[in-house]
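This is coords-v3.cif. It holds mmCIF, C-alpha atoms and all ligand atoms.
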```cif
data_model
loop_
_atom_site.label_atom_id
_atom_site.label_comp_id
_atom_site.auth_asym_id
_atom_site.auth_seq_id
_atom_site.Cartn_x
_atom_site.Cartn_y
_atom_site.Cartn_z
CA MET M 536 21.45 19.97 -1.47
CA LYS M 537 22.14 20.44 2.26
CA THR M 538 22.00 17.15 4.23
CA LEU M 539 24.14 17.75 7.33
CA LYS M 540 21.32 17.70 9.87
CA SER M 541 19.78 14.52 8.41
CA GLU M 542 23.21 12.87 8.38
CA LYS M 543 23.78 13.81 12.03
CA LEU M 544 20.34 12.54 13.07
CA PHE M 545 20.85 9.34 11.11
CA ARG M 546 24.15 8.69 12.92
CA GLN M 547 22.37 9.18 16.24
CA ALA M 548 19.44 7.03 15.13
CA LEU M 549 21.75 4.19 14.11
CA GLN M 550 22.97 3.97 17.71
CA VAL M 551 19.54 3.39 19.20
CA ILE M 552 17.21 2.11 16.44
CA PRO M 553 17.92 -0.95 14.25
CA GLY M 554 19.03 0.45 10.89
CA GLY M 555 18.21 3.91 12.21
CA VAL M 556 14.55 3.62 11.23
CA ASN M 557 11.29 2.20 12.51
CA SER M 558 10.43 0.56 9.20
CA PRO M 559 13.12 -0.85 6.88
CA VAL M 560 12.18 0.78 3.59
CA ARG M 561 12.64 4.24 5.17
CA ALA M 562 16.39 3.62 5.50
CA PHE M 563 17.01 4.44 1.81
CA LYS M 564 19.40 1.47 1.81
CA SER M 565 18.45 0.30 -1.67
CA VAL M 566 19.25 3.76 -3.06
CA ALA M 567 22.41 4.10 -0.92
CA LEU M 568 21.53 7.52 0.48
CA THR M 569 21.09 9.06 3.91
CA PRO M 570 17.35 9.31 4.38
CA PRO M 571 16.10 12.89 4.75
CA PHE M 572 14.64 13.33 8.23
CA ILE M 573 11.30 15.03 7.70
CA LYS M 574 10.49 18.06 9.84
CA LYS M 575 7.04 19.00 8.57
CA ALA M 576 4.59 18.55 5.73
CA LYS M 577 1.68 20.44 4.19
CA GLY M 578 -0.44 19.56 1.17
CA ALA M 579 1.72 17.90 -1.49
CA TYR M 580 5.00 18.98 0.13
CA VAL M 581 7.40 17.75 2.81
CA TRP M 582 10.38 19.65 4.26
CA ASP M 583 13.39 17.93 5.79
CA VAL M 584 15.43 19.10 8.78
CA ASP M 585 17.94 20.76 6.42
CA GLY M 586 15.19 22.91 4.96
CA ASN M 587 14.96 21.06 1.63
CA LYS M 588 11.41 21.07 0.16
CA TYR M 589 10.09 18.15 -1.86
CA ILE M 590 6.99 17.31 -3.83
CA ASP M 591 5.90 14.14 -2.04
CA TYR M 592 4.87 10.99 -3.95
CA VAL M 593 5.20 8.67 -0.94
CA CYS M 594 2.21 10.24 0.90
CA SER M 595 3.20 8.20 3.97
CA TRP M 596 2.97 5.06 1.76
CA GLY M 597 -0.60 5.78 0.72
CA PRO M 598 -2.73 7.20 3.59
CA LEU M 599 -2.54 10.89 2.64
CA ILE M 600 -4.84 10.90 -0.38
CA LEU M 601 -5.97 14.42 0.61
CA GLY M 602 -2.42 15.65 1.19
CA HIS M 603 -0.53 16.37 4.40
CA ALA M 604 -2.10 18.20 7.38
CA HIS M 605 -5.54 18.54 5.80
CA PRO M 606 -7.20 21.28 7.94
CA ARG M 607 -10.35 19.24 8.65
CA ILE M 608 -8.37 16.21 9.74
CA VAL M 609 -6.02 18.26 11.93
CA ARG M 610 -9.03 19.96 13.53
CA ALA M 611 -10.76 16.62 14.17
CA VAL M 612 -7.62 15.30 15.90
CA GLN M 613 -7.18 18.47 17.98
CA GLN M 614 -10.83 18.64 19.05
CA THR M 615 -11.01 14.94 19.94
CA ALA M 616 -7.74 14.98 21.89
CA LYS M 617 -9.13 17.70 24.17
CA GLY M 618 -11.63 15.13 25.42
CA GLY M 619 -9.01 12.48 26.12
CA THR M 620 -6.80 10.29 23.95
CA SER M 621 -7.79 6.74 24.87
CA PHE M 622 -10.31 5.06 27.15
CA GLY M 623 -10.08 1.33 26.50
CA ALA M 624 -13.85 1.44 26.26
CA PRO M 625 -16.34 1.62 23.39
CA THR M 626 -16.95 5.05 21.87
CA GLU M 627 -19.45 6.55 19.41
CA LEU M 628 -16.64 7.28 16.95
CA GLU M 629 -16.00 3.55 16.49
CA VAL M 630 -19.65 2.97 15.61
CA LYS M 631 -19.45 5.85 13.13
CA MET M 632 -16.27 4.47 11.55
CA ALA M 633 -17.71 0.96 11.25
CA GLY M 634 -20.89 2.36 9.71
CA LEU M 635 -18.92 4.39 7.15
CA ILE M 636 -16.81 1.40 6.10
CA CYS M 637 -19.86 -0.90 5.78
CA LYS M 638 -21.72 1.72 3.76
CA LEU M 639 -18.83 2.39 1.38
CA MET M 640 -17.78 -1.26 0.97
CA PRO M 641 -21.04 -3.31 0.92
CA SER M 642 -19.18 -6.64 0.97
CA ILE M 643 -18.26 -5.69 4.55
CA GLU M 644 -21.27 -6.46 6.77
CA MET M 645 -19.24 -6.26 10.00
CA VAL M 646 -15.77 -4.82 10.68
CA ARG M 647 -13.22 -4.92 13.48
CA MET M 648 -10.76 -2.06 13.97
CA VAL M 649 -7.11 -2.82 14.73
CA ASN M 650 -3.93 -0.70 14.73
CA SER M 651 -2.13 -1.65 11.51
CA GLY M 652 -2.51 -3.44 8.22
CA THR M 653 -0.41 -6.29 9.62
CA GLU M 654 -2.84 -6.81 12.49
CA ALA M 655 -5.71 -6.76 10.00
CA THR M 656 -4.26 -9.41 7.70
CA MET M 657 -2.99 -11.69 10.44
CA SER M 658 -6.41 -11.58 12.12
CA ALA M 659 -8.21 -12.21 8.82
CA ILE M 660 -6.09 -15.32 8.20
CA ARG M 661 -6.75 -16.64 11.71
CA LEU M 662 -10.47 -16.06 11.18
CA ALA M 663 -10.47 -17.83 7.80
CA ARG M 664 -8.66 -20.82 9.32
CA ALA M 665 -11.22 -21.01 12.13
CA TYR M 666 -14.18 -20.59 9.75
CA THR M 667 -13.05 -23.33 7.37
CA GLY M 668 -11.25 -25.63 9.84
CA ARG M 669 -8.38 -25.68 7.35
CA GLU M 670 -4.79 -24.48 7.83
CA LYS M 671 -3.12 -23.70 4.51
CA ILE M 672 -3.26 -20.28 2.82
CA ILE M 673 -2.30 -19.12 -0.65
CA LYS M 674 -0.54 -15.81 -1.16
CA PHE M 675 1.18 -14.42 -4.26
CA GLU M 676 4.87 -13.98 -4.90
CA GLY M 677 5.78 -10.33 -4.41
CA CYS M 678 2.58 -9.42 -2.60
CA TYR M 679 3.10 -7.98 0.86
CA HIS M 680 0.51 -8.29 3.61
CA GLY M 681 2.52 -6.96 6.54
CA HIS M 682 5.10 -8.74 8.67
CA ALA M 683 3.09 -11.54 10.37
CA ASP M 684 4.96 -14.86 10.12
CA SER M 685 2.55 -16.46 7.66
CA PHE M 686 3.15 -13.72 5.10
CA LEU M 687 6.94 -13.40 5.11
CA ILE M 688 7.16 -15.99 2.37
CA LYS M 689 8.16 -14.54 -1.00
CA ALA M 690 6.97 -11.19 0.32
CA GLY M 691 7.12 -7.88 -1.50
CA SER M 692 7.74 -4.29 -0.32
CA GLY M 693 10.78 -3.94 1.94
CA ALA M 694 11.31 -7.71 2.00
CA MET M 695 11.67 -7.70 -1.81
CA THR M 696 13.71 -4.50 -1.76
CA PHE M 697 16.27 -6.01 0.58
CA GLY M 698 16.18 -9.44 -1.03
CA VAL M 699 14.78 -11.19 2.07
CA PRO M 700 11.37 -12.24 0.80
CA ASP M 701 11.62 -15.22 3.19
CA SER M 702 12.57 -13.85 6.60
CA PRO M 703 14.63 -15.79 9.15
CA GLY M 704 12.73 -16.45 12.37
CA VAL M 705 9.61 -17.80 10.72
CA PRO M 706 9.01 -21.37 11.99
CA GLN M 707 9.26 -23.91 9.15
CA ALA M 708 6.11 -25.59 10.44
CA LEU M 709 4.19 -22.36 9.89
CA ALA M 710 5.91 -21.41 6.64
CA SER M 711 4.90 -24.76 5.16
CA GLU M 712 1.24 -23.77 5.61
CA THR M 713 1.75 -20.84 3.23
CA LEU M 714 1.58 -21.78 -0.45
CA VAL M 715 2.83 -19.27 -3.02
CA ALA M 716 1.25 -18.70 -6.43
CA ARG M 717 2.20 -16.32 -9.24
CA PHE M 718 0.26 -13.06 -9.48
CA ASN M 719 -1.85 -12.81 -12.65
CA ASP M 720 -1.44 -16.57 -13.24
CA LEU M 721 -4.66 -18.46 -12.48
CA GLY M 722 -3.06 -21.72 -13.59
CA SER M 723 -0.57 -21.52 -10.72
CA VAL M 724 -3.46 -21.09 -8.28
CA ASN M 725 -5.47 -23.94 -9.80
CA ASP M 726 -2.46 -26.26 -9.45
CA LEU M 727 -2.06 -25.43 -5.74
CA VAL M 728 -5.78 -25.89 -5.08
CA LYS M 729 -5.80 -29.20 -6.96
CA HIS M 730 -2.80 -30.56 -5.02
CA ASN M 731 -4.03 -29.30 -1.65
CA ASP M 732 -7.76 -29.73 -2.06
CA ALA M 733 -9.88 -29.24 1.08
CA GLN M 734 -6.77 -28.03 2.97
CA ILE M 735 -6.82 -24.36 1.91
CA ALA M 736 -8.51 -21.90 4.25
CA ALA M 737 -7.94 -18.71 2.29
CA ILE M 738 -6.47 -17.02 -0.73
CA ILE M 739 -5.17 -13.55 0.15
CA VAL M 740 -4.38 -11.13 -2.65
CA GLU M 741 -3.64 -7.47 -3.22
CA PRO M 742 -6.29 -6.93 -5.93
CA ILE M 743 -3.91 -4.41 -7.48
CA ALA M 744 -0.39 -5.36 -6.46
CA GLY M 745 1.36 -2.38 -4.88
CA ASN M 746 4.32 -4.06 -3.17
CA MET M 747 6.37 -5.21 -6.13
CA GLY M 748 5.66 -1.86 -7.71
CA CYS M 749 2.19 -1.23 -9.12
CA ILE M 750 0.86 -4.23 -11.09
CA PRO M 751 -2.81 -4.25 -12.16
CA PRO M 752 -4.72 -7.55 -12.29
CA LYS M 753 -5.01 -9.03 -15.79
CA PRO M 754 -8.61 -9.18 -17.08
CA GLY M 755 -10.29 -12.23 -15.56
CA PHE M 756 -7.67 -12.83 -12.86
CA LEU M 757 -9.72 -11.61 -9.90
CA ALA M 758 -12.94 -13.15 -11.25
CA GLY M 759 -11.06 -16.43 -11.62
CA LEU M 760 -9.97 -16.28 -7.98
CA ARG M 761 -13.56 -15.57 -6.93
CA LYS M 762 -14.87 -18.55 -8.93
CA LEU M 763 -12.17 -20.88 -7.56
CA CYS M 764 -12.81 -19.83 -3.95
CA THR M 765 -16.57 -20.26 -4.33
CA GLU M 766 -16.19 -23.72 -5.88
CA HIS M 767 -13.73 -24.94 -3.21
CA ASN M 768 -15.19 -23.16 -0.15
CA ILE M 769 -12.01 -21.12 0.24
CA VAL M 770 -12.23 -17.68 1.88
CA LEU M 771 -11.24 -14.98 -0.63
CA ILE M 772 -9.47 -12.14 1.16
CA PHE M 773 -8.83 -8.85 -0.66
CA ASP M 774 -5.98 -7.06 1.03
CA GLU M 775 -7.08 -3.49 0.29
CA VAL M 776 -4.73 -1.82 2.76
CA ILE M 777 -3.37 0.23 -0.17
CA THR M 778 -6.27 0.16 -2.65
CA GLY M 779 -9.12 0.67 -0.19
CA PHE M 780 -10.63 4.14 -0.80
CA ARG M 781 -7.56 4.87 -2.98
CA VAL M 782 -8.57 3.62 -6.45
CA SER M 783 -12.29 4.24 -5.87
CA ILE M 784 -14.54 5.08 -2.93
CA GLY M 785 -15.39 1.37 -2.80
CA GLY M 786 -11.81 0.22 -3.39
CA ALA M 787 -10.58 -2.30 -5.95
CA GLN M 788 -13.56 -4.55 -5.24
CA GLU M 789 -15.83 -1.78 -6.60
CA LEU M 790 -13.48 -0.96 -9.49
CA TYR M 791 -13.38 -4.59 -10.66
CA ASN M 792 -16.84 -5.57 -9.34
CA ILE M 793 -15.62 -8.59 -7.37
CA LYS M 794 -17.06 -9.45 -3.96
CA PRO M 795 -14.44 -10.89 -1.56
CA ASP M 796 -15.46 -12.78 1.59
CA LEU M 797 -13.15 -10.70 3.78
CA THR M 798 -11.35 -7.40 3.19
CA THR M 799 -8.41 -5.94 5.06
CA LEU M 800 -7.93 -2.18 5.28
CA GLY M 801 -5.43 0.33 6.64
CA LYS M 802 -3.63 3.52 5.62
CA ILE M 803 -6.36 5.87 4.25
CA ILE M 804 -8.92 4.83 6.90
CA GLY M 805 -6.62 6.27 9.56
CA GLY M 806 -6.18 9.66 7.90
CA GLY M 807 -2.47 9.36 8.71
CA LEU M 808 -2.87 7.81 12.18
CA PRO M 809 -2.22 4.14 13.05
CA VAL M 810 -5.33 2.19 11.98
CA GLY M 811 -6.14 -1.14 10.35
CA ALA M 812 -9.39 -3.03 9.94
CA TYR M 813 -10.74 -6.35 8.72
CA GLY M 814 -14.30 -7.11 7.82
CA GLY M 815 -16.65 -9.03 5.57
CA LYS M 816 -19.50 -11.52 5.69
CA ARG M 817 -21.46 -11.44 8.95
CA GLU M 818 -21.45 -15.24 9.31
CA ILE M 819 -17.65 -15.18 9.25
CA MET M 820 -17.09 -12.04 11.34
CA GLU M 821 -19.39 -13.23 14.13
CA LEU M 822 -16.80 -15.89 14.93
CA ILE M 823 -14.57 -13.13 16.33
CA ALA M 824 -14.48 -12.74 20.13
CA PRO M 825 -16.45 -11.83 22.08
CA SER M 826 -19.31 -12.90 19.76
CA GLY M 827 -17.42 -16.05 18.84
CA PRO M 828 -14.39 -18.13 19.86
CA VAL M 829 -11.72 -16.61 17.58
CA TYR M 830 -9.62 -14.42 19.80
CA GLN M 831 -8.29 -11.03 18.70
CA ALA M 832 -7.81 -7.93 20.82
CA GLY M 833 -6.00 -4.59 21.01
CA THR M 834 -5.48 -1.97 23.72
CA LEU M 835 -5.68 0.93 21.31
CA SER M 836 -7.96 -0.59 18.69
CA GLY M 837 -10.59 1.96 17.68
CA ASN M 838 -8.63 4.70 19.40
CA PRO M 839 -10.68 7.93 19.48
CA ILE M 840 -7.99 10.11 17.88
CA ALA M 841 -7.42 7.68 15.02
CA MET M 842 -11.17 7.20 14.60
CA ALA M 843 -11.72 10.97 14.45
CA ALA M 844 -9.07 11.35 11.74
CA GLY M 845 -10.33 8.33 9.81
CA CYS M 846 -14.00 9.33 10.02
CA GLU M 847 -13.16 12.82 8.77
CA MET M 848 -11.12 11.35 5.91
CA LEU M 849 -13.87 8.93 4.84
CA SER M 850 -16.57 11.58 5.26
CA ILE M 851 -14.70 13.95 2.94
CA LEU M 852 -14.06 11.22 0.36
CA SER M 853 -17.65 9.92 0.44
CA LYS M 854 -19.20 13.38 0.16
CA HIS M 855 -16.81 14.62 -2.53
CA ARG M 856 -16.58 11.73 -4.99
CA SER M 857 -15.13 14.22 -7.48
CA VAL M 858 -11.76 13.77 -5.74
CA TYR M 859 -11.40 10.54 -7.70
CA LYS M 860 -11.97 12.37 -10.97
CA THR M 861 -9.33 14.92 -9.94
CA LEU M 862 -6.92 12.13 -9.05
CA GLU M 863 -7.60 10.40 -12.38
CA LYS M 864 -7.08 13.65 -14.32
CA HIS M 865 -3.79 14.40 -12.59
CA SER M 866 -2.62 10.80 -12.93
CA GLN M 867 -3.38 10.84 -16.65
CA HIS M 868 -1.47 14.11 -17.07
CA LEU M 869 1.52 12.61 -15.27
CA GLU M 870 1.25 9.34 -17.22
CA GLU M 871 1.08 11.13 -20.58
CA GLY M 872 4.05 13.28 -19.63
CA ILE M 873 6.13 10.29 -18.55
CA ARG M 874 5.27 8.33 -21.70
CA ASP M 875 6.08 11.39 -23.83
CA THR M 876 9.46 11.78 -22.11
CA LEU M 877 10.28 8.09 -22.52
CA GLY M 878 9.37 8.37 -26.19
CA ARG M 879 11.62 11.39 -26.64
CA ILE M 880 14.62 9.63 -25.07
CA GLY M 881 13.88 6.40 -26.85
CA LYS M 882 13.47 4.18 -23.81
CA ASN M 883 10.48 1.86 -23.48
CA PHE M 884 10.57 1.65 -19.68
CA GLN M 885 7.32 0.25 -18.30
CA LEU M 886 4.87 2.57 -16.58
CA ASN M 887 2.15 0.75 -14.65
CA HIS M 888 -0.65 2.82 -13.19
CA VAL M 889 -4.12 2.44 -11.72
CA GLY M 890 -5.83 5.63 -10.63
CA SER M 891 -3.41 7.54 -8.42
CA MET M 892 -1.00 4.63 -7.92
CA TYR M 893 1.90 4.27 -10.33
CA THR M 894 5.39 2.76 -10.77
CA LEU M 895 7.99 3.43 -13.47
CA PHE M 896 9.84 0.12 -13.93
CA PHE M 897 13.34 0.32 -15.37
CA THR M 898 12.81 -2.59 -17.73
CA GLU M 899 11.55 -2.68 -21.31
CA GLN M 900 9.48 -5.83 -20.87
CA VAL M 901 5.89 -5.76 -19.67
CA VAL M 902 5.69 -6.11 -15.86
CA LEU M 903 2.94 -8.55 -14.91
CA ASP M 904 4.28 -10.31 -11.83
CA TYR M 905 7.20 -10.77 -9.42
CA GLU M 906 9.53 -12.33 -12.00
CA THR M 907 9.06 -9.60 -14.59
CA ALA M 908 9.22 -6.87 -11.93
CA LYS M 909 12.56 -8.27 -10.78
CA GLN M 910 13.99 -7.78 -14.28
CA SER M 911 14.04 -4.05 -13.56
CA ASP M 912 17.45 -2.38 -13.35
CA ALA M 913 17.57 -1.46 -9.65
CA SER M 914 20.89 0.37 -9.97
CA LEU M 915 19.49 2.53 -12.75
CA PHE M 916 16.46 3.18 -10.55
CA SER M 917 18.83 4.22 -7.77
CA LYS M 918 20.59 6.80 -9.99
CA TYR M 919 17.22 8.13 -11.20
CA PHE M 920 15.86 8.27 -7.65
CA SER M 921 18.89 10.21 -6.35
CA LYS M 922 18.67 12.77 -9.14
CA MET M 923 14.92 13.23 -8.62
CA LEU M 924 15.50 13.76 -4.89
CA GLU M 925 18.18 16.37 -5.67
CA LEU M 926 15.63 18.09 -7.93
CA GLY M 927 13.06 18.20 -5.12
CA ILE M 928 10.96 15.15 -6.00
CA TYR M 929 10.46 12.68 -3.14
CA LEU M 930 9.67 9.23 -4.60
CA PRO M 931 9.37 5.89 -2.78
CA PRO M 932 13.03 4.82 -2.27
CA SER M 933 12.64 1.45 -3.98
CA GLN M 934 11.90 0.12 -7.44
CA PHE M 935 9.44 -2.28 -5.79
CA GLU M 936 7.08 0.26 -4.27
CA THR M 937 4.21 2.33 -5.62
CA ALA M 938 4.16 6.11 -5.92
CA PHE M 939 0.97 7.94 -4.91
CA LEU M 940 -0.68 11.18 -5.95
CA SER M 941 -2.91 13.22 -3.68
CA THR M 942 -5.80 15.53 -4.52
CA VAL M 943 -3.55 18.52 -3.76
CA HIS M 944 -0.74 17.82 -6.23
CA SER M 945 -1.19 20.82 -8.54
CA GLN M 946 -0.68 20.97 -12.29
CA ALA M 947 2.45 23.02 -11.54
CA ASP M 948 3.73 20.27 -9.22
CA LEU M 949 3.16 17.67 -11.92
CA ASP M 950 4.89 19.80 -14.55
CA LYS M 951 7.86 20.37 -12.23
CA THR M 952 7.97 16.59 -11.68
CA LEU M 953 7.93 15.90 -15.41
CA HIS M 954 10.70 18.45 -15.98
CA ALA M 955 12.79 16.77 -13.26
CA LEU M 956 12.00 13.36 -14.75
CA HIS M 957 13.50 14.38 -18.09
CA ILE M 958 16.67 15.67 -16.44
CA ALA M 959 16.97 12.64 -14.15
CA LEU M 960 16.50 10.14 -16.97
CA MET M 961 18.99 11.96 -19.21
CA ALA M 962 21.50 11.92 -16.33
CA SER M 963 20.92 8.26 -15.42
CA VAL M 964 20.37 6.36 -18.64
CA SER M 965 23.19 5.45 -21.00
CA PHE M 966 22.21 5.73 -24.66
P1 LIG M 1001 1.15 -2.00 8.05
O1 LIG M 1001 1.32 -3.09 9.08
O2 LIG M 1001 2.49 -1.47 7.56
O3 LIG M 1001 0.22 -0.88 8.50
O4 LIG M 1001 0.40 -2.65 6.78
C1 LIG M 1001 0.95 -3.80 6.20
C2 LIG M 1001 0.44 -3.91 4.78
C3 LIG M 1001 -0.55 -4.82 4.49
N1 LIG M 1001 -1.04 -4.95 3.23
C4 LIG M 1001 -0.57 -4.18 2.23
C5 LIG M 1001 -1.15 -4.36 0.85
C6 LIG M 1001 0.44 -3.23 2.47
O5 LIG M 1001 0.92 -2.48 1.44
C7 LIG M 1001 0.97 -3.09 3.76
C8 LIG M 1001 2.08 -2.11 4.09
N2 LIG M 1001 2.61 -1.35 2.99
C9 LIG M 1001 3.97 -0.96 3.10
C10 LIG M 1001 4.37 -0.16 1.85
N3 LIG M 1001 4.36 -0.92 0.68
C11 LIG M 1001 4.24 -0.17 4.34
C12 LIG M 1001 5.49 0.67 4.33
C13 LIG M 1001 6.47 0.15 5.32
O6 LIG M 1001 6.60 -1.09 5.47
O7 LIG M 1001 7.13 1.01 5.94
#
```

Write-out of the structure in structure tokens:
Amino acid sequence: MKTLKSEKLFRQALQVIPGGVNSPVRAFKSVALTPPFIKKAKGAYVWDVDGNKYIDYVCSWGPLILGHAHPRIVRAVQQTAKGGTSFGAPTELEVKMAGLICKLMPSIEMVRMVNSGTEATMSAIRLARAYTGREKIIKFEGCYHGHADSFLIKAGSGAMTFGVPDSPGVPQALASETLVARFNDLGSVNDLVKHNDAQIAAIIVEPIAGNMGCIPPKPGFLAGLRKLCTEHNIVLIFDEVITGFRVSIGGAQELYNIKPDLTTLGKIIGGGLPVGAYGGKREIMELIAPSGPVYQAGTLSGNPIAMAAGCEMLSILSKHRSVYKTLEKHSQHLEEGIRDTLGRIGKNFQLNHVGSMYTLFFTEQVVLDYETAKQSDASLFSKYFSKMLELGIYLPPSQFETAFLSTVHSQADLDKTLHALHIALMASVSF
């Protein structure tokens, strides 16, 4: 596999960008490889600067559920840009986007657009603190809600990958306001609520964990959180930055029929452009400036280009609900193939999947939370990852991330992936 141009670019990047990348997980550090520098993408495929073609299961970390460079999204961006790229003033597209989100996620009565998932979650926490007059929050070990200070406590995603779940630079005074429970363990949440009663503003959760690898909620877990929050007047925040419009048109809250008080969104709603959003109950959202005293702002929030891409994406998804059936069918085919391969090689590695999100954990014990996810053999993952990349399969470069399918991954792509999987496992696993 040719890598000279990526290696040269990476050397240049390392001189002027920390770690050579603009987001840590892209550095391929945990798999000890030079990251391929991507030149272009179309449908289910990406090409790097050395001309290598890959079937892409990163999908830009989730946004590209319809595949890369979808013609209708590209056209929407091109047409909108001709009329200007940013005005710093309200536009019709923002009203359309807000209307689409409120229609597709009925728990959201009002929504504010921001520019990233991090901005969405940090604003939602501030809002919950203002609404309740309380300061503590509960998050879950291994869940990742972006890089705002309050969340870099036992965080997942890149923080877990690089073993810095608690980042330096976060003031102790603020960190102490973040309590950490165990995902899928209602008892751990009950204990925190009991010992901090009337001090907890919010519980924030990825309803399907995606940032310690894919971990579905155990039956009753989300309903238990809902009941606890209702009983103790705690704001329940579903961080659906990954799951929103991914696992269902109404997100995880529709899939599991749980109504959060606030929801944070990102990724898919931007159609591949920088967008985040937070929304929920009107009585809470109306506290946000300028209708209320809770300040939050953004120069490029609701940017016309991002709104055009996002509106096109949501319009396609809402008018063609069959995409979810296609995603489910393809995911099942991939899941059956992976399980069949594992059976043939006699390894009971754990495959967790919900809809078009999945993670193959290199451990033979069930993965239910941060602790069990961490039992995975990261060095074995690294060997597997490298072999899959060599075979033209571009997976998330970390055991603690989720792989994504798009509607344009063909049966042939999936079969090529399964063939590569067999070769990569045989080459990586000792028997
Ligand atoms: P951004 O600030 O990266 O747009 O969103 C933060 C965020 C919030 N909530 C959830 C559930 C998320 O998964 C994320 C970001 N996801 C990671 C991938 N696991 C982004 C990839 C990266 O950090 O480069």

Would you pick out the contacts of Thr876 in chain M at 12 Å or less, using only C-alpha atoms, so that residues sharing its chain but fewer than 2 positions from it are not included, and give the list as a compact mmCIF listing (two decimals) with C-alpha atoms, keeping the file's coordinate frame?
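And here is the file that came out, selection.txt:
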```txt
# COMPACT_ATOMS: atom_id res chain seq x y z
CA LEU M 869 1.52 12.61 -15.27
CA GLU M 870 1.25 9.34 -17.22
CA GLU M 871 1.08 11.13 -20.58
CA GLY M 872 4.05 13.28 -19.63
CA ILE M 873 6.13 10.29 -18.55
CA ARG M 874 5.27 8.33 -21.70
CA GLY M 878 9.37 8.37 -26.19
CA ARG M 879 11.62 11.39 -26.64
CA ILE M 880 14.62 9.63 -25.07
CA GLY M 881 13.88 6.40 -26.85
CA LYS M 882 13.47 4.18 -23.81
CA ASN M 883 10.48 1.86 -23.48
CA PHE M 884 10.57 1.65 -19.68
CA LEU M 886 4.87 2.57 -16.58
CA ASP M 950 4.89 19.80 -14.55
CA THR M 952 7.97 16.59 -11.68
CA LEU M 953 7.93 15.90 -15.41
CA HIS M 954 10.70 18.45 -15.98
CA ALA M 955 12.79 16.77 -13.26
CA LEU M 956 12.00 13.36 -14.75
CA HIS M 957 13.50 14.38 -18.09
CA ILE M 958 16.67 15.67 -16.44
CA ALA M 959 16.97 12.64 -14.15
CA LEU M 960 16.50 10.14 -16.97
CA MET M 961 18.99 11.96 -19.21
```

Worksheet item: Which of these residues is nearest to ligand LIG 1001 (chain M), using all atoms listed in the file: M:Pro703, M:Pro839, M:Gly890, M:Pro932?
Response: M:Pro932

Worksheet, complete the sentence: What separates CA of Tyr919 in chain M and CA of Gln934 in chain M is a distance of 10.3 Å

Fill in: Residue with smallest distance to ligand LIG 1001 (chain M) - pool M:Phe773, M:Tyr580, M:Tyr679, M:Phe697, counting all atoms listed in the file
M:Tyr679

Worksheet item: If we count all atoms listed in the file, what is near range 797-801 of chain M at a cut-off of 7 Å, once residues fewer than 6 positions away on the same chain are taken out, given as a ChimeraX atom specification?
Response: /M:651-652,655-656,771-776,779,810-816

Would you save the residues from that selection as a PDB file, in the frame of the given file, using C-alpha atoms?
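Everything below was put into part.pdb:
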```pdb
ATOM      1  CA  SER M 651      -2.130  -1.650  11.510  1.00  0.00           C
ATOM      2  CA  GLY M 652      -2.510  -3.440   8.220  1.00  0.00           C
ATOM      3  CA  ALA M 655      -5.710  -6.760  10.000  1.00  0.00           C
ATOM      4  CA  THR M 656      -4.260  -9.410   7.700  1.00  0.00           C
ATOM      5  CA  LEU M 771     -11.240 -14.980  -0.630  1.00  0.00           C
ATOM      6  CA  ILE M 772      -9.470 -12.140   1.160  1.00  0.00           C
ATOM      7  CA  PHE M 773      -8.830  -8.850  -0.660  1.00  0.00           C
ATOM      8  CA  ASP M 774      -5.980  -7.060   1.030  1.00  0.00           C
ATOM      9  CA  GLU M 775      -7.080  -3.490   0.290  1.00  0.00           C
ATOM     10  CA  VAL M 776      -4.730  -1.820   2.760  1.00  0.00           C
ATOM     11  CA  GLY M 779      -9.120   0.670  -0.190  1.00  0.00           C
ATOM     12  CA  VAL M 810      -5.330   2.190  11.980  1.00  0.00           C
ATOM     13  CA  GLY M 811      -6.140  -1.140  10.350  1.00  0.00           C
ATOM     14  CA  ALA M 812      -9.390  -3.030   9.940  1.00  0.00           C
ATOM     15  CA  TYR M 813     -10.740  -6.350   8.720  1.00  0.00           C
ATOM     16  CA  GLY M 814     -14.300  -7.110   7.820  1.00  0.00           C
ATOM     17  CA  GLY M 815     -16.650  -9.030   5.570  1.00  0.00           C
ATOM     18  CA  LYS M 816     -19.500 -11.520   5.690  1.00  0.00           C
TER      19      LYS M 816
END
```

Provide an axis-aligned box for all listed atoms of ligand LIG 1001 (chain M), padding each side by 6 Å; report its centre and its edge lengths in Å to one decimal, as JSON.
```
{"center_x": 3.0, "center_y": -2.0, "center_z": 4.9, "size_x": 20.3, "size_y": 18.0, "size_z": 20.4}
```

Worksheet item: Of the residues M:Thr937, M:Asp591, M:Ile804, M:Glu818, which is the one nearest to Ala633 in chain M, using all atoms listed in the file?
Response: M:Ile804

Worksheet item: Which protein, DNA or RNA residues are at most 7 Å from (-18.3, -6.0, 6.3) in the file's coordinates when you count all atoms listed in the file, listed as a PyMOL selection string?
Response: chain M and resi 637+641-646+814-817

Using C-alpha atoms, can you export the residues from the last selection as an mmCIF file, in the frame of the given file?
```cif
data_model
loop_
_atom_site.group_PDB
_atom_site.id
_atom_site.type_symbol
_atom_site.label_atom_id
_atom_site.label_comp_id
_atom_site.auth_asym_id
_atom_site.auth_seq_id
_atom_site.Cartn_x
_atom_site.Cartn_y
_atom_site.Cartn_z
ATOM 1 C CA CYS M 637 -19.860 -0.900 5.780
ATOM 2 C CA PRO M 641 -21.040 -3.310 0.920
ATOM 3 C CA SER M 642 -19.180 -6.640 0.970
ATOM 4 C CA ILE M 643 -18.260 -5.690 4.550
ATOM 5 C CA GLU M 644 -21.270 -6.460 6.770
ATOM 6 C CA MET M 645 -19.240 -6.260 10.000
ATOM 7 C CA VAL M 646 -15.770 -4.820 10.680
ATOM 8 C CA GLY M 814 -14.300 -7.110 7.820
ATOM 9 C CA GLY M 815 -16.650 -9.030 5.570
ATOM 10 C CA LYS M 816 -19.500 -11.520 5.690
ATOM 11 C CA ARG M 817 -21.460 -11.440 8.950
#
```
